[in-house]
>>> print(open('model00.pdb').read())   # PDB, C-alpha atoms and all ligand atoms
MODEL        1
ATOM      1  CA  MET L 300      -1.334  42.023 -32.666
ATOM      2  CA  ILE L 301       0.982  41.318 -35.590
ATOM      3  CA  GLY L 302       0.886  43.531 -38.685
ATOM      4  CA  THR L 303       2.328  42.611 -42.065
ATOM      5  CA  GLY L 304       3.327  44.560 -45.150
ATOM      6  CA  ARG L 305       6.285  45.718 -47.207
ATOM      7  CA  ALA L 306       9.480  47.014 -45.550
ATOM      8  CA  ASP L 307       8.465  50.651 -46.065
ATOM      9  CA  ASP L 308       5.213  50.030 -44.150
ATOM     10  CA  ARG L 309       6.938  49.088 -40.870
ATOM     11  CA  ASP L 310       6.692  52.442 -39.063
ATOM     12  CA  THR L 311       3.134  53.028 -40.255
ATOM     13  CA  VAL L 312       1.955  49.611 -39.077
ATOM     14  CA  LEU L 313       3.645  49.896 -35.683
ATOM     15  CA  GLY L 314       2.300  53.455 -35.378
ATOM     16  CA  LEU L 315      -1.225  52.143 -35.894
ATOM     17  CA  GLY L 316      -0.847  49.894 -32.853
ATOM     18  CA  ALA L 317       0.642  46.583 -34.005
ATOM     19  CA  ASP L 318       2.986  45.008 -31.445
ATOM     20  CA  THR L 319       5.132  43.366 -34.103
ATOM     21  CA  PHE L 320       5.710  43.865 -37.821
ATOM     22  CA  VAL L 321       6.464  41.142 -40.369
ATOM     23  CA  ASP L 322       7.989  42.192 -43.702
ATOM     24  CA  LEU L 323       6.274  39.879 -46.200
ATOM     25  CA  GLN L 324       9.130  40.212 -48.705
ATOM     26  CA  ALA L 325      12.001  39.548 -46.303
ATOM     27  CA  GLU L 326      10.509  37.273 -43.651
ATOM     28  CA  ARG L 327       8.613  34.015 -43.816
ATOM     29  CA  LEU L 328       4.933  34.301 -42.961
ATOM     30  CA  GLU L 329       5.038  30.732 -41.625
ATOM     31  CA  GLU L 330       7.479  31.756 -38.873
ATOM     32  CA  ILE L 331       4.807  33.878 -37.193
ATOM     33  CA  GLY L 332       3.467  30.737 -35.511
ATOM     34  CA  HIS L 333      -0.171  30.157 -34.609
ATOM     35  CA  VAL L 334      -2.619  33.020 -34.106
ATOM     36  CA  ASP L 335      -6.308  33.268 -33.171
ATOM     37  CA  VAL L 336      -7.392  35.300 -36.201
ATOM     38  CA  VAL L 337      -5.819  36.168 -39.542
ATOM     39  CA  LEU L 338      -7.301  39.154 -41.398
ATOM     40  CA  ASP L 339      -6.226  38.970 -45.046
ATOM     41  CA  VAL L 340      -6.576  41.937 -47.411
ATOM     42  CA  ILE L 341      -4.274  40.593 -50.137
ATOM     43  CA  GLY L 342      -5.637  37.222 -51.276
ATOM     44  CA  GLY L 343      -3.890  34.840 -53.689
ATOM     45  CA  GLU L 344      -0.763  33.139 -52.433
ATOM     46  CA  ILE L 345      -0.730  35.120 -49.181
ATOM     47  CA  LEU L 346      -4.276  33.949 -48.406
ATOM     48  CA  ASP L 347      -3.363  30.345 -49.198
ATOM     49  CA  ARG L 348      -0.317  30.413 -46.909
ATOM     50  CA  SER L 349      -2.240  32.154 -44.124
ATOM     51  CA  ALA L 350      -4.446  29.129 -43.421
ATOM     52  CA  ALA L 351      -1.565  27.321 -41.739
ATOM     53  CA  LEU L 352      -1.197  30.174 -39.224
ATOM     54  CA  VAL L 353      -4.652  29.713 -37.706
ATOM     55  CA  ARG L 354      -4.618  27.834 -34.407
ATOM     56  CA  PRO L 355      -7.224  25.119 -33.773
ATOM     57  CA  GLY L 356     -10.562  26.857 -33.225
ATOM     58  CA  GLY L 357      -9.324  30.080 -34.839
ATOM     59  CA  THR L 358     -10.550  31.971 -37.892
ATOM     60  CA  LEU L 359      -9.149  33.155 -41.201
ATOM     61  CA  VAL L 360     -11.044  36.195 -42.505
ATOM     62  CA  THR L 361     -10.383  37.530 -45.977
ATOM     63  CA  ILE L 362     -11.903  40.538 -47.693
ATOM     64  CA  ALA L 363      -9.953  39.953 -50.902
ATOM     65  CA  GLN L 364     -11.674  36.978 -52.553
ATOM     66  CA  PRO L 365     -13.845  33.928 -51.887
ATOM     67  CA  VAL L 366     -11.956  31.521 -49.652
ATOM     68  CA  THR L 367      -9.812  28.954 -51.402
ATOM     69  CA  VAL L 368      -8.348  27.332 -48.279
ATOM     70  CA  GLN L 369      -9.538  26.111 -44.898
ATOM     71  CA  PRO L 370      -7.438  26.090 -41.718
ATOM     72  CA  ALA L 371      -6.959  22.500 -40.501
ATOM     73  CA  ASN L 372      -9.101  22.913 -37.381
ATOM     74  CA  GLY L 373     -10.559  26.351 -37.848
ATOM     75  CA  ARG L 374     -12.858  28.191 -40.200
ATOM     76  CA  ALA L 375     -12.375  30.530 -43.134
ATOM     77  CA  VAL L 376     -14.707  33.420 -43.927
ATOM     78  CA  PHE L 377     -14.994  35.711 -46.963
ATOM     79  CA  PHE L 378     -16.313  38.934 -45.457
ATOM     80  CA  VAL L 379     -18.057  41.355 -47.783
ATOM     81  CA  VAL L 380     -19.053  44.713 -46.367
ATOM     82  CA  GLU L 381     -22.650  45.831 -46.830
ATOM     83  CA  PRO L 382     -22.633  49.572 -46.283
ATOM     84  CA  ASP L 383     -25.671  51.130 -44.675
ATOM     85  CA  ARG L 384     -26.411  54.502 -43.118
ATOM     86  CA  ALA L 385     -26.053  53.398 -39.478
ATOM     87  CA  ARG L 386     -22.685  51.726 -40.044
ATOM     88  CA  LEU L 387     -21.339  54.641 -42.066
ATOM     89  CA  ALA L 388     -22.454  57.015 -39.292
ATOM     90  CA  ASP L 389     -20.655  54.802 -36.762
ATOM     91  CA  LEU L 390     -17.484  54.922 -38.865
ATOM     92  CA  ALA L 391     -17.763  58.726 -39.030
ATOM     93  CA  ARG L 392     -18.077  58.836 -35.211
ATOM     94  CA  ARG L 393     -14.992  56.652 -34.815
ATOM     95  CA  LEU L 394     -13.074  58.974 -37.124
ATOM     96  CA  ARG L 395     -14.088  62.036 -35.122
ATOM     97  CA  ASP L 396     -13.254  60.292 -31.835
ATOM     98  CA  GLY L 397      -9.831  59.309 -33.123
ATOM     99  CA  ARG L 398     -10.613  55.588 -32.772
ATOM    100  CA  LEU L 399     -10.173  55.032 -36.501
ATOM    101  CA  THR L 400      -7.097  56.235 -38.356
ATOM    102  CA  PRO L 401      -7.458  56.233 -42.130
ATOM    103  CA  ILE L 402      -4.355  56.647 -44.253
ATOM    104  CA  VAL L 403      -5.257  59.271 -46.815
ATOM    105  CA  GLY L 404      -3.180  59.081 -49.984
ATOM    106  CA  SER L 405      -4.802  61.863 -51.972
ATOM    107  CA  VAL L 406      -7.806  64.184 -52.051
ATOM    108  CA  ARG L 407      -9.230  64.864 -55.523
ATOM    109  CA  PRO L 408     -12.189  66.926 -56.772
ATOM    110  CA  LEU L 409     -15.249  65.079 -58.090
ATOM    111  CA  ALA L 410     -14.340  66.026 -61.674
ATOM    112  CA  GLU L 411     -11.158  63.947 -61.338
ATOM    113  CA  ALA L 412     -12.848  60.884 -59.800
ATOM    114  CA  ALA L 413     -12.594  58.705 -62.913
ATOM    115  CA  ALA L 414      -8.936  59.623 -63.433
ATOM    116  CA  ALA L 415      -8.172  58.948 -59.747
ATOM    117  CA  PHE L 416      -9.314  55.335 -60.067
ATOM    118  CA  ALA L 417      -8.096  54.706 -63.615
ATOM    119  CA  PRO L 418      -6.570  51.252 -64.163
ATOM    120  CA  GLY L 419      -2.819  51.263 -63.707
ATOM    121  CA  LYS L 420      -2.968  54.284 -61.438
ATOM    122  CA  ARG L 421      -1.630  53.377 -57.983
ATOM    123  CA  THR L 422      -1.737  55.828 -55.080
ATOM    124  CA  PRO L 423      -0.783  54.480 -51.650
ATOM    125  CA  GLY L 424      -3.498  54.998 -49.045
ATOM    126  CA  LYS L 425      -7.133  55.901 -49.528
ATOM    127  CA  THR L 426      -8.269  58.304 -52.241
ATOM    128  CA  ILE L 427     -10.829  60.847 -51.041
ATOM    129  CA  ILE L 428     -13.171  62.387 -53.601
ATOM    130  CA  ARG L 429     -14.219  65.902 -52.560
ATOM    131  CA  VAL L 430     -17.844  66.351 -53.631
ATOM    132  CA  THR L 431     -18.286  69.960 -52.469
ATOM    133  CA  GLU L 432     -15.781  72.746 -51.849
ATOM    134  CA  ASP L 433     -17.174  73.540 -48.338
TER     135      ASP L 433
HETATM  136  N1  LIG X 501     -14.927  42.297 -49.169
HETATM  137  C1  LIG X 501     -15.140  43.594 -49.074
HETATM  138  O1  LIG X 501     -16.178  44.034 -48.593
HETATM  139  C2  LIG X 501     -14.055  44.544 -49.518
HETATM  140  C3  LIG X 501     -14.133  45.907 -49.227
HETATM  141  C4  LIG X 501     -13.086  46.726 -49.635
HETATM  142  C5  LIG X 501     -12.016  46.189 -50.327
HETATM  143  N2  LIG X 501     -12.003  44.871 -50.616
HETATM  144  C6  LIG X 501     -10.861  44.240 -51.293
HETATM  145  O2  LIG X 501      -9.835  44.115 -50.314
HETATM  146  C7  LIG X 501      -8.556  44.237 -50.924
HETATM  147  C8  LIG X 501      -7.779  45.354 -50.269
HETATM  148  O3  LIG X 501      -8.451  46.587 -50.498
HETATM  149  P1  LIG X 501      -7.779  47.951 -50.118
HETATM  150  O4  LIG X 501      -8.682  49.026 -50.548
HETATM  151  O5  LIG X 501      -7.305  47.924 -48.690
HETATM  152  O6  LIG X 501      -6.528  47.904 -51.110
HETATM  153  P2  LIG X 501      -5.168  48.682 -50.991
HETATM  154  O7  LIG X 501      -5.369  50.049 -50.443
HETATM  155  O8  LIG X 501      -4.505  48.483 -52.313
HETATM  156  O9  LIG X 501      -4.379  47.889 -49.867
HETATM  157  C9  LIG X 501      -3.767  46.657 -50.090
HETATM  158  C10 LIG X 501      -2.435  46.715 -49.368
HETATM  159  O10 LIG X 501      -1.821  45.434 -49.410
HETATM  160  C11 LIG X 501      -0.473  45.611 -49.849
HETATM  161  N3  LIG X 501      -0.043  44.417 -50.552
HETATM  162  C12 LIG X 501      -0.616  43.838 -51.631
HETATM  163  N4  LIG X 501       0.086  42.733 -51.992
HETATM  164  C13 LIG X 501       1.108  42.628 -51.100
HETATM  165  C14 LIG X 501       2.165  41.696 -50.916
HETATM  166  N5  LIG X 501       2.308  40.639 -51.724
HETATM  167  N6  LIG X 501       3.035  41.896 -49.912
HETATM  168  C15 LIG X 501       2.887  42.946 -49.090
HETATM  169  N7  LIG X 501       1.918  43.873 -49.189
HETATM  170  C16 LIG X 501       1.028  43.708 -50.192
HETATM  171  C17 LIG X 501      -0.517  46.796 -50.768
HETATM  172  O11 LIG X 501       0.763  47.347 -50.853
HETATM  173  P3  LIG X 501       1.275  48.004 -52.253
HETATM  174  O12 LIG X 501       0.437  49.215 -52.465
HETATM  175  O13 LIG X 501       2.703  48.313 -51.985
HETATM  176  O14 LIG X 501       1.057  46.955 -53.302
HETATM  177  C18 LIG X 501      -1.487  47.719 -50.023
HETATM  178  O15 LIG X 501      -0.832  48.449 -49.006
HETATM  179  C19 LIG X 501      -8.833  44.445 -52.420
HETATM  180  O16 LIG X 501      -8.766  43.187 -53.041
HETATM  181  C20 LIG X 501     -10.259  44.999 -52.450
HETATM  182  O17 LIG X 501     -10.904  44.685 -53.661
HETATM  183  C21 LIG X 501     -12.998  44.041 -50.227
ENDMDL
END
>>> encode(input="model00.pdb", output="structure tokens")
Amino acid sequence: MIGTGRADDRDTVLGLGADTFVDLQAERLEEIGHVDVVLDVIGGEILDRSAALVRPGGTLVTIAQPVTVQPANGRAVFFVVEPDRARLADLARRLRDGRLTPIVGSVRPLAEAAAAFAPGKRTPGKTIIRVTED
């Protein structure tokens, strides 16, 4: 598994289980070679350039935007999550079991929810909104 990101993300990505890290600012995405699946969370130019990485029969999945490109001999999918109780419960189980490792950037009280997601505000990692004090 190959993980990508900015230079500062290297240790985090390798710590999460990637075998190799590619610094998107310093290295060329195209030099990765062909892979079975690309999972894109960035979109735009990175999504466009990712299509060429998909081997024949492989898949490009993006969660960032509707697909704008198709791999030459593969497929491209815009995946949109549809949360439901059963899936959220499964995610909670994975968290408890240690099979899912979220990167928590900040924990804020409910009263600060709007400020936490205000435009222009950028906190690395996920922002948790604490609904109760228990
Ligand atoms: N389809 C769905 O169901 C679904 C669900 C959730 C989210 N989304 C979408 O998926 C995308 C990602 O969501 P998220 O919550 O994971 O966002 P996020 O926490 O902001 O994560 C995006 C990551 O990509 C990095 N990044 C962005 N541009 C980069 C670049 N050019 N080079 C290297 N790294 C880059 C960001 O780094 P920096 O912080 O350093 O920029 C950040 O670490 C968003 O567009 C969101 O709207 C879709």
>>> resolve_selection(input="model00.pdb", expression="the PyMOL selection byres (((not hetatm)) within 10 of (chain X and resi 501))", output="PyMOL selection string")
chain L and resi 303-308+321-325+339-346+360-365+377-382+402-404+421-426
>>> atom_distance(input="model00.pdb", atom1="atom CA of L:Gly302", atom2="atom CA of L:Arg398")
17.7 Å
>>> atom_distance(input="model00.pdb", atom1="atom CA of L:Pro355", atom2="atom CA of L:Phe320")
23.1 Å
>>> residues_around(input="model00.pdb", residues="L:Ala413", least_positions_apart="5", cutoff="12 Å", atoms="all atoms listed in the file", output="list of chain:residue names")
L:Arg407, L:Pro408, L:Pro418, L:Lys420, L:Thr426, L:Ile428
>>> atom_distance(input="model00.pdb", atom1="atom CA of L:Ser349", atom2="atom CA of L:Leu313")
20.5 Å
>>> resolve_selection(input="model00.pdb", expression="the PyMOL selection byres (((chain L and resi 368) around 9) and not hetatm)", output="list in words")
Leu346, Asp347, Arg348, Ser349, Ala350, Val366, Thr367, Gln369, Pro370 and Ala375 of chain L
>>> resolve_selection(input="model00.pdb", expression="the PyMOL selection byres (((chain L and resi 429) around 9) and not hetatm)", output="PyMOL selection string")
chain L and resi 406-409+412+427-428+430-432
>>> axis_aligned_box(input="model00.pdb", around="stretch 394-410 of chain L", padding_each_side="8 Å", output="JSON")
{"center_x": -9.2, "center_y": 61.0, "center_z": -46.8, "size_x": 28.1, "size_y": 27.9, "size_z": 45.8}
>>> closest_residue(input="model00.pdb", among="L:Ala317, L:Val353, L:Ala410, L:Ile301", to="L:Val334", atoms="only C-alpha atoms")
L:Val353
>>> closest_residue(input="model00.pdb", among="L:Leu359, L:Gly397, L:Ala391, L:Leu328", to="L:Val376", atoms="all atoms listed in the file")
L:Leu359
>>> closest_residue(input="model00.pdb", among="L:Val312, L:Val336, L:Met300, L:Leu387", to="L:Thr400", atoms="all atoms listed in the file")
L:Val312
